[in-house]
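Report on the structure given below.
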Amino acid sequence: MKVIEVEHRFGPRKAFENVDPQYKEFREGVRVLPAPYFEDRRIMFMFIAEHQPGEPMWPEGGYEVRGPMGEFRAYYLDQLILHPEVIKRRYGKNILKSNSGNRGRPSSGEKPVKIGGTGKRGRPAVSPKLRKNQPYIPTGLPRGRRKKSE
């Protein structure tokens, strides 16, 4: 994949060439990277909708994107890819090795790379042996919270 200059009736514009299909798997609200902003990847663009060629108001087709200030922007079909951060989260850090044959995707025998912890947070669960209802042993102190004194 590389960024090229394409001649257009309004002047030259930037576009992507030889894009991998995994970079084109859009869903609403996912972070995307337009070709004109390929050098400055810090700017946030969110995908809204895809329009096929021939639709009303979209004779050449294109993508509808929400810009960094909340505005709507339109890009041609060859000007948009998933943001590299989204790809990195989806396929792990192997995607950065573009010379590898599998391009970051796990092969059929491998398990995908797990990113993050176990997914459980907070205090560990009490074992069922300790959780049984045990009889109350009086300590001589009152039970529970004290009443609010007025």
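Simple scheme: letters A, B, ... for chains in structure tokens order, numbers from 1 for residues in each chain, numbers from 1 for ligands in the order shown.
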
- Message: Using only C-alpha atoms, which protein or nucleic acid residues come within 7 Å of stretch 21-28 of chain A? Drop anything in the same chain fewer than 6 positions from it, and give the result as a ChimeraX atom specification.
- Response: /A:47-49,81-82

- Message: So that I can check the surroundings of A:Tyr75, please list as a list in words every protein, DNA and RNA residue that reaches within 7 Å of it, counting only C-alpha atoms and ignoring chain neighbours fewer than 3 positions away.
- Response: Gly62, Tyr63, Glu64 and Gln79 of chain A

Please write the residues from the selection above to a file, keeping N, CA and C atoms, as a PDB file, in the first residue's frame.
```
ATOM      1  N   GLY A  62     -18.391   7.052  -2.813  1.00  0.00           N
ATOM      2  CA  GLY A  62     -17.485   7.645  -1.839  1.00  0.00           C
ATOM      3  C   GLY A  62     -17.845   7.264  -0.422  1.00  0.00           C
ATOM      4  N   TYR A  63     -17.112   7.880   0.508  1.00  0.00           N
ATOM      5  CA  TYR A  63     -17.311   7.627   1.933  1.00  0.00           C
ATOM      6  C   TYR A  63     -17.710   8.913   2.635  1.00  0.00           C
ATOM      7  N   GLU A  64     -18.573   8.761   3.609  1.00  0.00           N
ATOM      8  CA  GLU A  64     -18.979   9.873   4.464  1.00  0.00           C
ATOM      9  C   GLU A  64     -18.238   9.703   5.789  1.00  0.00           C
ATOM     10  N   GLN A  79      -9.687   6.808  -1.255  1.00  0.00           N
ATOM     11  CA  GLN A  79      -9.015   7.736  -0.357  1.00  0.00           C
ATOM     12  C   GLN A  79      -9.110   7.368   1.117  1.00  0.00           C
TER      13      GLN A  79
END
```

- In Å, rounded to a single decimal, give me how far atom CA of A:Asn18 is from atom CA of A:Val3.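 Separating atom CA of A:Val3 from atom CA of A:Asn18 is a distance of 9.3 Å.
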
- Query: Do you know which residues are at most 12 Å from A:Pro53 counting only C-alpha atoms, after dropping those on the same chain fewer than 3 positions away, and could you put them as a list in words?
  - Reply: Glu50, Pro56, Met57, Trp58, Pro59, Glu60, Gly61, Gly62, Tyr63, Tyr76 and Leu77 of chain A

Saved selection, atoms kept: N, CA and C atoms, as a PDB file, in the first residue's frame:
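In the end it all went to part-v2.pdb:
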```pdb
ATOM      1  N   GLU A  50     -20.875   4.363   3.606  1.00  0.00           N
ATOM      2  CA  GLU A  50     -20.273   4.148   2.295  1.00  0.00           C
ATOM      3  C   GLU A  50     -21.357   4.306   1.240  1.00  0.00           C
ATOM      4  N   PRO A  56     -27.810   8.580  -5.650  1.00  0.00           N
ATOM      5  CA  PRO A  56     -28.101  10.011  -5.760  1.00  0.00           C
ATOM      6  C   PRO A  56     -27.115  10.820  -4.921  1.00  0.00           C
ATOM      7  N   MET A  57     -26.621  11.909  -5.477  1.00  0.00           N
ATOM      8  CA  MET A  57     -25.653  12.822  -4.860  1.00  0.00           C
ATOM      9  C   MET A  57     -24.247  12.219  -4.787  1.00  0.00           C
ATOM     10  N   TRP A  58     -24.045  10.982  -5.221  1.00  0.00           N
ATOM     11  CA  TRP A  58     -22.739  10.325  -5.185  1.00  0.00           C
ATOM     12  C   TRP A  58     -22.488   9.649  -6.541  1.00  0.00           C
ATOM     13  N   PRO A  59     -22.310  10.393  -7.624  1.00  0.00           N
ATOM     14  CA  PRO A  59     -22.163   9.754  -8.943  1.00  0.00           C
ATOM     15  C   PRO A  59     -20.926   8.861  -9.051  1.00  0.00           C
ATOM     16  N   GLU A  60     -19.827   9.206  -8.359  1.00  0.00           N
ATOM     17  CA  GLU A  60     -18.614   8.386  -8.405  1.00  0.00           C
ATOM     18  C   GLU A  60     -18.477   7.500  -7.168  1.00  0.00           C
ATOM     19  N   GLY A  61     -19.426   7.577  -6.257  1.00  0.00           N
ATOM     20  CA  GLY A  61     -19.344   6.824  -5.010  1.00  0.00           C
ATOM     21  C   GLY A  61     -18.406   7.518  -4.036  1.00  0.00           C
ATOM     22  N   GLY A  62     -18.391   7.052  -2.813  1.00  0.00           N
ATOM     23  CA  GLY A  62     -17.485   7.645  -1.839  1.00  0.00           C
ATOM     24  C   GLY A  62     -17.845   7.264  -0.422  1.00  0.00           C
ATOM     25  N   TYR A  63     -17.112   7.880   0.508  1.00  0.00           N
ATOM     26  CA  TYR A  63     -17.311   7.627   1.933  1.00  0.00           C
ATOM     27  C   TYR A  63     -17.710   8.913   2.635  1.00  0.00           C
ATOM     28  N   TYR A  76     -13.341  10.092  -1.782  1.00  0.00           N
ATOM     29  CA  TYR A  76     -13.533   9.119  -2.854  1.00  0.00           C
ATOM     30  C   TYR A  76     -13.269   7.711  -2.329  1.00  0.00           C
ATOM     31  N   LEU A  77     -13.680   6.712  -3.113  1.00  0.00           N
ATOM     32  CA  LEU A  77     -13.561   5.322  -2.686  1.00  0.00           C
ATOM     33  C   LEU A  77     -12.110   4.854  -2.523  1.00  0.00           C
TER      34      LEU A  77
END
```

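The interatomic distance for the pair atom CA of A:Ile137 and atom CA of A:Arg123 works out to 25.6 Å.
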
- For atom CA of A:Ala15 and atom CA of A:Lys88, the interatomic separation in Å (one decimal):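 Between these atoms lies a distance of 21.6 Å.
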
A:Arg41: which residues within 10 Å, counting only C-alpha atoms, same-chain residues fewer than 4 positions away excluded, as a PDB file with C-alpha atoms, in the first residue's frame?
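Saved as out_35.pdb:
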```pdb
ATOM      1  CA  VAL A  32     -10.308   5.807   9.660  1.00  0.00           C
ATOM      2  CA  LEU A  33      -7.392   7.542   7.948  1.00  0.00           C
ATOM      3  CA  PRO A  34      -7.961   9.641   4.794  1.00  0.00           C
ATOM      4  CA  TYR A  37      -3.856  13.090   6.273  1.00  0.00           C
ATOM      5  CA  PHE A  45     -11.779  10.782  11.595  1.00  0.00           C
ATOM      6  CA  HIS A  83      -6.498   3.725  10.912  1.00  0.00           C
ATOM      7  CA  PRO A  84      -3.290   1.762  11.675  1.00  0.00           C
ATOM      8  CA  GLU A  85      -4.120   1.851  15.417  1.00  0.00           C
TER       9      GLU A  85
END
```

- alpha helix (DSSP H) per DSSP on the backbone: members of stretch 16-93 of chain A, as a ChimeraX atom specification: /A:84-91

For the selection just defined, write its residues with N, CA and C atoms to a file, as a CSV table (one decimal), in the first residue's frame.
```csv
chain,number,residue,atom,x,y,z
A,84,PRO,N,-4.2,2.8,11.3
A,84,PRO,CA,-3.3,1.8,11.7
A,84,PRO,C,-3.5,1.3,13.1
A,85,GLU,N,-3.9,2.2,14.0
A,85,GLU,CA,-4.1,1.9,15.4
A,85,GLU,C,-5.2,0.8,15.5
A,86,VAL,N,-6.3,0.9,14.7
A,86,VAL,CA,-7.4,0.0,14.7
A,86,VAL,C,-6.9,-1.4,14.2
A,87,ILE,N,-6.1,-1.4,13.2
A,87,ILE,CA,-5.5,-2.6,12.6
A,87,ILE,C,-4.6,-3.3,13.6
A,88,LYS,N,-3.8,-2.5,14.3
A,88,LYS,CA,-2.9,-3.0,15.3
A,88,LYS,C,-3.6,-3.7,16.5
A,89,ARG,N,-4.7,-3.1,16.9
A,89,ARG,CA,-5.5,-3.7,18.0
A,89,ARG,C,-6.2,-5.0,17.5
A,90,ARG,N,-6.6,-5.0,16.2
A,90,ARG,CA,-7.4,-6.1,15.7
A,90,ARG,C,-6.5,-7.3,15.4
A,91,TYR,N,-5.3,-7.1,14.9
A,91,TYR,CA,-4.4,-8.2,14.4
A,91,TYR,C,-3.2,-8.3,15.3
```
